[in-house]
$ cat model_1.csv   # CSV, N, CA and C atoms
chain,number,residue,atom,x,y,z
A,1351,MET,N,-15.2,47.0,8.1
A,1351,MET,CA,-15.5,45.6,7.8
A,1351,MET,C,-16.3,45.6,6.5
A,1352,PRO,N,-15.8,44.8,5.5
A,1352,PRO,CA,-16.5,44.7,4.2
A,1352,PRO,C,-17.9,44.1,4.3
A,1353,ARG,N,-18.8,44.6,3.5
A,1353,ARG,CA,-20.2,44.0,3.5
A,1353,ARG,C,-20.1,42.6,2.9
A,1354,ALA,N,-21.0,41.8,3.3
A,1354,ALA,CA,-21.2,40.4,2.8
A,1354,ALA,C,-21.9,40.6,1.4
A,1355,VAL,N,-21.4,39.9,0.4
A,1355,VAL,CA,-22.0,39.9,-0.9
A,1355,VAL,C,-22.7,38.6,-1.1
A,1356,GLU,N,-24.0,38.8,-1.5
A,1356,GLU,CA,-24.8,37.6,-1.7
A,1356,GLU,C,-24.6,37.1,-3.2
A,1357,LEU,N,-24.2,35.8,-3.3
A,1357,LEU,CA,-24.0,35.2,-4.6
A,1357,LEU,C,-25.2,34.5,-5.1
A,1358,LEU,N,-25.6,34.8,-6.3
A,1358,LEU,CA,-26.7,34.1,-6.9
A,1358,LEU,C,-26.3,33.1,-7.9
A,1359,ALA,N,-26.9,31.9,-7.9
A,1359,ALA,CA,-26.6,30.9,-8.9
A,1359,ALA,C,-27.4,31.3,-10.2
A,1360,LEU,N,-26.7,31.2,-11.3
A,1360,LEU,CA,-27.3,31.4,-12.6
A,1360,LEU,C,-27.8,30.1,-13.2
A,1361,SER,N,-28.9,30.1,-13.9
A,1361,SER,CA,-29.4,28.9,-14.4
A,1361,SER,C,-28.7,28.5,-15.8
A,1362,GLY,N,-28.0,29.5,-16.3
A,1362,GLY,CA,-27.3,29.2,-17.6
A,1362,GLY,C,-28.2,29.4,-18.8
A,1363,PRO,N,-27.7,29.3,-20.0
A,1363,PRO,CA,-28.5,29.5,-21.2
A,1363,PRO,C,-29.6,28.4,-21.3
A,1364,PRO,N,-30.7,28.8,-22.0
A,1364,PRO,CA,-31.8,27.8,-22.0
A,1364,PRO,C,-31.5,26.5,-22.7
A,1365,TRP,N,-30.5,26.5,-23.7
A,1365,TRP,CA,-30.2,25.3,-24.4
A,1365,TRP,C,-29.3,24.4,-23.6
A,1366,ALA,N,-28.7,24.9,-22.5
A,1366,ALA,CA,-27.7,24.1,-21.7
A,1366,ALA,C,-28.3,22.8,-21.1
A,1367,GLU,N,-29.5,22.9,-20.7
A,1367,GLU,CA,-30.2,21.8,-20.1
A,1367,GLU,C,-30.5,20.7,-21.1
A,1368,ARG,N,-30.8,21.1,-22.3
A,1368,ARG,CA,-31.1,20.1,-23.3
A,1368,ARG,C,-29.8,19.4,-23.8
A,1369,ARG,N,-28.7,20.0,-23.8
A,1369,ARG,CA,-27.4,19.5,-24.2
A,1369,ARG,C,-26.7,18.7,-23.2
A,1370,ARG,N,-27.1,18.8,-21.9
A,1370,ARG,CA,-26.4,18.1,-20.8
A,1370,ARG,C,-26.5,16.6,-21.0
A,1371,PRO,N,-25.3,15.9,-20.9
A,1371,PRO,CA,-25.3,14.5,-21.1
A,1371,PRO,C,-25.9,13.7,-19.9
A,1372,ARG,N,-26.0,14.3,-18.8
A,1372,ARG,CA,-26.6,13.7,-17.6
A,1372,ARG,C,-28.0,14.1,-17.5
A,1373,PRO,N,-28.9,13.4,-16.8
A,1373,PRO,CA,-28.6,12.2,-16.1
A,1373,PRO,C,-28.6,11.0,-17.1
A,1374,LYS,N,-27.6,10.2,-16.9
A,1374,LYS,CA,-27.6,9.0,-17.7
A,1374,LYS,C,-27.6,7.8,-16.7
A,1375,VAL,N,-28.1,6.7,-17.1
A,1375,VAL,CA,-28.1,5.5,-16.2
A,1375,VAL,C,-26.7,5.0,-16.0
A,1376,GLY,N,-26.4,4.9,-14.7
A,1376,GLY,CA,-25.0,4.4,-14.4
A,1376,GLY,C,-24.9,2.9,-14.5
A,1377,LYS,N,-23.7,2.4,-14.3
A,1377,LYS,CA,-23.4,1.0,-14.4
A,1377,LYS,C,-24.3,0.2,-13.5
A,1378,LEU,N,-24.5,0.6,-12.3
A,1378,LEU,CA,-25.3,-0.1,-11.3
A,1378,LEU,C,-26.8,-0.1,-11.8
A,1379,GLY,N,-27.2,1.0,-12.4
A,1379,GLY,CA,-28.6,1.0,-12.9
A,1379,GLY,C,-28.9,0.2,-14.1
A,1380,GLN,N,-27.8,-0.1,-14.9
A,1380,GLN,CA,-28.0,-0.9,-16.1
A,1380,GLN,C,-27.9,-2.4,-15.9
A,1381,ASN,N,-27.3,-2.8,-14.8
A,1381,ASN,CA,-27.0,-4.3,-14.6
A,1381,ASN,C,-27.7,-4.7,-13.3
A,1382,PRO,N,-28.8,-5.4,-13.4
A,1382,PRO,CA,-29.5,-5.8,-12.2
A,1382,PRO,C,-28.7,-6.8,-11.3
A,1383,GLU,N,-28.0,-7.7,-11.9
A,1383,GLU,CA,-27.2,-8.6,-11.1
A,1383,GLU,C,-26.2,-7.9,-10.3
A,1384,LEU,N,-25.5,-6.9,-10.9
A,1384,LEU,CA,-24.5,-6.1,-10.2
A,1384,LEU,C,-25.2,-5.3,-9.1
A,1385,ARG,N,-26.3,-4.7,-9.4
A,1385,ARG,CA,-27.0,-3.9,-8.4
A,1385,ARG,C,-27.4,-4.7,-7.2
A,1386,TYR,N,-28.0,-5.9,-7.4
A,1386,TYR,CA,-28.4,-6.8,-6.3
A,1386,TYR,C,-27.2,-7.3,-5.5
A,1387,PHE,N,-26.1,-7.6,-6.1
A,1387,PHE,CA,-24.9,-8.0,-5.4
A,1387,PHE,C,-24.4,-6.9,-4.5
A,1388,ILE,N,-24.3,-5.6,-5.0
A,1388,ILE,CA,-23.9,-4.5,-4.2
A,1388,ILE,C,-24.9,-4.2,-3.1
A,1389,ARG,N,-26.2,-4.3,-3.4
A,1389,ARG,CA,-27.3,-4.0,-2.4
A,1389,ARG,C,-27.2,-5.0,-1.3
A,1390,ASP,N,-27.0,-6.3,-1.6
A,1390,ASP,CA,-26.9,-7.4,-0.6
A,1390,ASP,C,-25.7,-7.2,0.3
A,1391,HIS,N,-24.5,-6.8,-0.3
A,1391,HIS,CA,-23.3,-6.6,0.5
A,1391,HIS,C,-23.5,-5.3,1.4
A,1392,LEU,N,-24.1,-4.3,0.9
A,1392,LEU,CA,-24.3,-3.1,1.7
A,1392,LEU,C,-25.3,-3.4,2.9
A,1393,ALA,N,-26.2,-4.3,2.6
A,1393,ALA,CA,-27.2,-4.7,3.7
A,1393,ALA,C,-26.5,-5.5,4.7
A,1394,MET,N,-25.4,-6.2,4.4
A,1394,MET,CA,-24.6,-7.0,5.3
A,1394,MET,C,-23.6,-6.1,6.0
A,1395,ARG,N,-23.7,-4.7,5.8
A,1395,ARG,CA,-22.9,-3.7,6.3
A,1395,ARG,C,-21.4,-3.8,5.8
A,1396,TRP,N,-21.2,-4.3,4.6
A,1396,TRP,CA,-19.9,-4.2,4.0
A,1396,TRP,C,-19.8,-2.8,3.4
A,1397,SER,N,-18.6,-2.3,3.5
A,1397,SER,CA,-18.4,-0.9,2.9
A,1397,SER,C,-18.1,-1.1,1.3
A,1398,PRO,N,-18.2,-0.1,0.6
A,1398,PRO,CA,-18.0,-0.2,-0.9
A,1398,PRO,C,-16.7,-0.8,-1.3
A,1399,GLU,N,-15.6,-0.5,-0.7
A,1399,GLU,CA,-14.3,-1.0,-1.1
A,1399,GLU,C,-14.2,-2.6,-1.0
A,1400,PRO,N,-14.6,-3.2,0.1
A,1400,PRO,CA,-14.5,-4.6,0.1
A,1400,PRO,C,-15.6,-5.3,-0.8
A,1401,SER,N,-16.7,-4.6,-1.0
A,1401,SER,CA,-17.7,-5.1,-2.0
A,1401,SER,C,-17.1,-5.1,-3.4
A,1402,CYS,N,-16.3,-4.2,-3.8
A,1402,CYS,CA,-15.6,-4.2,-5.1
A,1402,CYS,C,-14.6,-5.3,-5.2
A,1403,HIS,N,-13.9,-5.6,-4.1
A,1403,HIS,CA,-12.9,-6.7,-4.2
A,1403,HIS,C,-13.7,-8.0,-4.3
A,1404,ALA,N,-14.8,-8.1,-3.6
A,1404,ALA,CA,-15.6,-9.3,-3.7
A,1404,ALA,C,-16.2,-9.5,-5.1
A,1405,LEU,N,-16.6,-8.5,-5.7
A,1405,LEU,CA,-17.0,-8.6,-7.1
A,1405,LEU,C,-15.9,-9.2,-8.0
A,1406,ARG,N,-14.7,-8.7,-7.9
A,1406,ARG,CA,-13.6,-9.1,-8.7
A,1406,ARG,C,-13.3,-10.6,-8.4
A,1407,ALA,N,-13.5,-11.0,-7.1
A,1407,ALA,CA,-13.2,-12.4,-6.8
A,1407,ALA,C,-14.3,-13.3,-7.3
A,1408,CYS,N,-15.5,-12.9,-7.2
A,1408,CYS,CA,-16.7,-13.7,-7.6
A,1408,CYS,C,-16.9,-13.8,-9.2
A,1409,PHE,N,-16.5,-12.7,-9.8
A,1409,PHE,CA,-16.7,-12.6,-11.3
A,1409,PHE,C,-15.4,-12.1,-12.0
A,1410,PRO,N,-14.3,-13.0,-11.9
A,1410,PRO,CA,-13.0,-12.5,-12.4
A,1410,PRO,C,-13.0,-12.4,-13.9
A,1411,ASP,N,-13.9,-13.1,-14.6
A,1411,ASP,CA,-13.8,-13.0,-16.1
A,1411,ASP,C,-15.0,-12.1,-16.7
A,1412,LEU,N,-15.7,-11.4,-15.9
A,1412,LEU,CA,-16.8,-10.5,-16.3
A,1412,LEU,C,-16.5,-9.1,-16.0
A,1413,PRO,N,-15.8,-8.4,-16.8
A,1413,PRO,CA,-15.5,-7.0,-16.5
A,1413,PRO,C,-16.7,-6.1,-16.3
A,1414,GLU,N,-17.8,-6.5,-16.9
A,1414,GLU,CA,-19.0,-5.7,-16.7
A,1414,GLU,C,-19.5,-5.7,-15.2
A,1415,MET,N,-19.0,-6.7,-14.5
A,1415,MET,CA,-19.4,-6.8,-13.1
A,1415,MET,C,-18.3,-6.2,-12.1
A,1416,HIS,N,-17.4,-5.5,-12.7
A,1416,HIS,CA,-16.3,-4.8,-11.9
A,1416,HIS,C,-16.6,-3.3,-11.8
A,1417,VAL,N,-16.7,-2.8,-10.6
A,1417,VAL,CA,-16.9,-1.3,-10.4
A,1417,VAL,C,-15.9,-0.9,-9.4
A,1418,THR,N,-15.7,0.4,-9.3
A,1418,THR,CA,-14.9,0.9,-8.2
A,1418,THR,C,-15.7,1.3,-7.0
A,1419,HIS,N,-15.1,1.5,-5.9
A,1419,HIS,CA,-15.9,2.0,-4.7
A,1419,HIS,C,-16.5,3.3,-5.0
A,1420,GLU,N,-15.8,4.2,-5.8
A,1420,GLU,CA,-16.4,5.5,-6.1
A,1420,GLU,C,-17.7,5.4,-6.8
A,1421,THR,N,-17.8,4.4,-7.7
A,1421,THR,CA,-19.1,4.2,-8.5
A,1421,THR,C,-20.2,3.8,-7.5
A,1422,ILE,N,-19.9,3.0,-6.5
A,1422,ILE,CA,-20.9,2.7,-5.5
A,1422,ILE,C,-21.3,3.9,-4.7
A,1423,TYR,N,-20.3,4.7,-4.2
A,1423,TYR,CA,-20.6,5.9,-3.5
A,1423,TYR,C,-21.5,6.9,-4.3
A,1424,GLN,N,-21.2,7.0,-5.6
A,1424,GLN,CA,-22.0,7.9,-6.4
A,1424,GLN,C,-23.4,7.4,-6.6
A,1425,ALA,N,-23.6,6.1,-6.5
A,1425,ALA,CA,-25.0,5.6,-6.7
A,1425,ALA,C,-25.8,5.7,-5.4
A,1426,LEU,N,-25.1,5.9,-4.3
A,1426,LEU,CA,-25.9,5.9,-3.0
A,1426,LEU,C,-26.6,7.2,-2.9
$ encode --input "model_1.csv" --output "structure tokens"
Amino acid sequence: MPRAVELLALSGPPWAERRRPRPKVGKLGQNPELRYFIRDHLAMRWSPEPSCHALRACFPDLPEMHVTHETIYQAL
């Protein structure tokens, strides 16, 4: 039976951390109205997908208020 090999994570070169584009503020972090809308819908136990559809229905002419459910999941 082969021996288990322990894998070690490498930190990478020292300059990699400085060049990393993240963490950047996401769409929900930049727009308080959008954040509060999503927060309120999640508090009402809406899932992210219906919340996205509600955003598009409430703000049809404001693309900055449109996000995908994946954006909400990443913000959680």
$ residues_around --input "model_1.csv" --residues "stretch 1384-1394 of chain A" --least-positions-apart "3" --cutoff "6 Å" --atoms "all atoms listed in the file" --output "list in words"
Leu1378, Asn1381 and Met1415 of chain A
$ select_by_dssp --input "model_1.csv" --residues "chain A" --states "helix (DSSP H, G or I)" --output "ChimeraX atom specification"
/A:1366-1369,1377-1380,1382-1393,1398-1408,1413-1415,1419-1425
$ closest_residue --input "model_1.csv" --among "A:Arg1369, A:Pro1398, A:Cys1408, A:Lys1374" --to "A:Ile1422" --atoms "only N, CA and C atoms"
A:Pro1398
$ atom_distance --input "model_1.csv" --atom1 "atom C of A:Lys1377" --atom2 "atom CA of A:Ala1407"
18.1 Å
$ atom_distance --input "model_1.csv" --atom1 "atom C of A:Gln1380" --atom2 "atom N of A:His1403"
18.6 Å
$ atom_distance --input "model_1.csv" --atom1 "atom CA of A:His1416" --atom2 "atom CA of A:Pro1382"
13.2 Å
$ closest_residue --input "model_1.csv" --among "A:Glu1399, A:Arg1370, A:Leu1405, A:Pro1364" --to "A:Tyr1423" --atoms "only N, CA and C atoms"
A:Glu1399
$ decode --input "model_1.csv" --residues "stretch 1374-1388 of chain A" --atoms "all heavy atoms" --output "tab-separated table (two decimals), in the first residue's frame"
chain	number	residue	atom	x	y	z
A	1374	LYS	N	-11.35	43.28	-3.76
A	1374	LYS	CA	-11.94	44.53	-4.22
A	1374	LYS	C	-13.39	44.56	-3.74
A	1374	LYS	O	-13.97	43.51	-3.46
A	1374	LYS	CB	-11.85	44.67	-5.73
A	1374	LYS	CG	-12.78	43.79	-6.52
A	1374	LYS	CD	-12.70	44.12	-7.99
A	1374	LYS	CE	-13.85	43.48	-8.73
A	1374	LYS	NZ	-13.87	43.82	-10.13
A	1375	VAL	N	-13.92	45.73	-3.63
A	1375	VAL	CA	-15.29	45.88	-3.16
A	1375	VAL	C	-16.23	45.41	-4.26
A	1375	VAL	O	-16.13	45.85	-5.41
A	1375	VAL	CB	-15.58	47.34	-2.78
A	1375	VAL	CG1	-17.01	47.49	-2.29
A	1375	VAL	CG2	-14.61	47.80	-1.72
A	1376	GLY	N	-17.11	44.50	-3.92
A	1376	GLY	CA	-18.05	43.97	-4.89
A	1376	GLY	C	-19.21	44.92	-5.14
A	1376	GLY	O	-19.33	45.98	-4.52
A	1377	LYS	N	-20.08	44.53	-6.03
A	1377	LYS	CA	-21.22	45.36	-6.41
A	1377	LYS	C	-22.13	45.63	-5.22
A	1377	LYS	O	-22.64	46.73	-5.07
A	1377	LYS	CB	-21.99	44.67	-7.54
A	1377	LYS	CG	-22.88	45.58	-8.32
A	1377	LYS	CD	-23.38	44.91	-9.58
A	1377	LYS	CE	-24.17	45.87	-10.43
A	1377	LYS	NZ	-24.67	45.25	-11.64
A	1378	LEU	N	-22.34	44.63	-4.38
A	1378	LEU	CA	-23.19	44.83	-3.21
A	1378	LEU	C	-22.52	45.74	-2.18
A	1378	LEU	O	-23.19	46.46	-1.45
A	1378	LEU	CB	-23.54	43.49	-2.56
A	1378	LEU	CG	-24.45	42.58	-3.37
A	1378	LEU	CD1	-24.62	41.24	-2.68
A	1378	LEU	CD2	-25.79	43.22	-3.60
A	1379	GLY	N	-21.21	45.72	-2.13
A	1379	GLY	CA	-20.50	46.58	-1.20
A	1379	GLY	C	-20.45	48.03	-1.65
A	1379	GLY	O	-20.32	48.94	-0.82
A	1380	GLN	N	-20.59	48.28	-2.92
A	1380	GLN	CA	-20.51	49.63	-3.47
A	1380	GLN	C	-21.83	50.36	-3.46
A	1380	GLN	O	-21.86	51.58	-3.45
A	1380	GLN	CB	-20.01	49.58	-4.92
A	1380	GLN	CG	-18.62	49.09	-5.08
A	1380	GLN	CD	-18.25	48.90	-6.55
A	1380	GLN	OE1	-19.05	49.15	-7.44
A	1380	GLN	NE2	-17.04	48.45	-6.79
A	1381	ASN	N	-22.94	49.64	-3.46
A	1381	ASN	CA	-24.25	50.25	-3.62
A	1381	ASN	C	-25.12	49.95	-2.40
A	1381	ASN	O	-25.69	48.85	-2.29
A	1381	ASN	CB	-24.90	49.71	-4.91
A	1381	ASN	CG	-26.20	50.39	-5.25
A	1381	ASN	OD1	-26.88	50.92	-4.40
A	1381	ASN	ND2	-26.55	50.34	-6.52
A	1382	PRO	N	-25.27	50.91	-1.48
A	1382	PRO	CA	-26.05	50.65	-0.26
A	1382	PRO	C	-27.51	50.28	-0.54
A	1382	PRO	O	-28.07	49.41	0.13
A	1382	PRO	CB	-25.97	51.96	0.52
A	1382	PRO	CG	-24.85	52.72	-0.07
A	1382	PRO	CD	-24.67	52.23	-1.47
A	1383	GLU	N	-28.14	50.95	-1.51
A	1383	GLU	CA	-29.55	50.64	-1.81
A	1383	GLU	C	-29.70	49.19	-2.26
A	1383	GLU	O	-30.62	48.48	-1.82
A	1383	GLU	CB	-30.07	51.59	-2.88
A	1383	GLU	CG	-31.55	51.42	-3.15
A	1383	GLU	CD	-32.07	52.39	-4.21
A	1383	GLU	OE1	-31.26	53.06	-4.87
A	1383	GLU	OE2	-33.30	52.46	-4.36
A	1384	LEU	N	-28.80	48.74	-3.11
A	1384	LEU	CA	-28.81	47.35	-3.57
A	1384	LEU	C	-28.56	46.40	-2.40
A	1384	LEU	O	-29.27	45.40	-2.24
A	1384	LEU	CB	-27.73	47.17	-4.65
A	1384	LEU	CG	-27.50	45.77	-5.20
A	1384	LEU	CD1	-28.76	45.23	-5.84
A	1384	LEU	CD2	-26.34	45.80	-6.19
A	1385	ARG	N	-27.60	46.71	-1.56
A	1385	ARG	CA	-27.27	45.88	-0.41
A	1385	ARG	C	-28.47	45.76	0.54
A	1385	ARG	O	-28.81	44.67	0.99
A	1385	ARG	CB	-26.05	46.46	0.31
A	1385	ARG	CG	-25.58	45.62	1.46
A	1385	ARG	CD	-24.27	46.11	2.06
A	1385	ARG	NE	-24.30	47.51	2.46
A	1385	ARG	CZ	-23.59	48.47	1.86
A	1385	ARG	NH1	-22.80	48.20	0.86
A	1385	ARG	NH2	-23.66	49.71	2.30
A	1386	TYR	N	-29.14	46.88	0.83
A	1386	TYR	CA	-30.29	46.84	1.74
A	1386	TYR	C	-31.46	46.07	1.13
A	1386	TYR	O	-32.16	45.35	1.84
A	1386	TYR	CB	-30.72	48.25	2.12
A	1386	TYR	CG	-29.67	49.01	2.89
A	1386	TYR	CD1	-29.46	50.36	2.67
A	1386	TYR	CD2	-28.84	48.37	3.81
A	1386	TYR	CE1	-28.49	51.05	3.36
A	1386	TYR	CE2	-27.86	49.06	4.50
A	1386	TYR	CZ	-27.69	50.39	4.28
A	1386	TYR	OH	-26.73	51.08	4.96
A	1387	PHE	N	-31.66	46.21	-0.17
A	1387	PHE	CA	-32.73	45.47	-0.85
A	1387	PHE	C	-32.49	43.97	-0.70
A	1387	PHE	O	-33.39	43.22	-0.31
A	1387	PHE	CB	-32.77	45.86	-2.33
A	1387	PHE	CG	-33.91	45.25	-3.09
A	1387	PHE	CD1	-35.09	45.92	-3.26
A	1387	PHE	CD2	-33.79	43.99	-3.67
A	1387	PHE	CE1	-36.15	45.36	-3.97
A	1387	PHE	CE2	-34.82	43.42	-4.38
A	1387	PHE	CZ	-36.00	44.11	-4.53
A	1388	ILE	N	-31.26	43.53	-1.00
A	1388	ILE	CA	-30.93	42.11	-0.90
A	1388	ILE	C	-31.02	41.65	0.55
A	1388	ILE	O	-31.57	40.58	0.85
A	1388	ILE	CB	-29.53	41.83	-1.48
A	1388	ILE	CG1	-29.50	42.14	-2.98
A	1388	ILE	CG2	-29.08	40.41	-1.21
A	1388	ILE	CD1	-30.45	41.30	-3.82
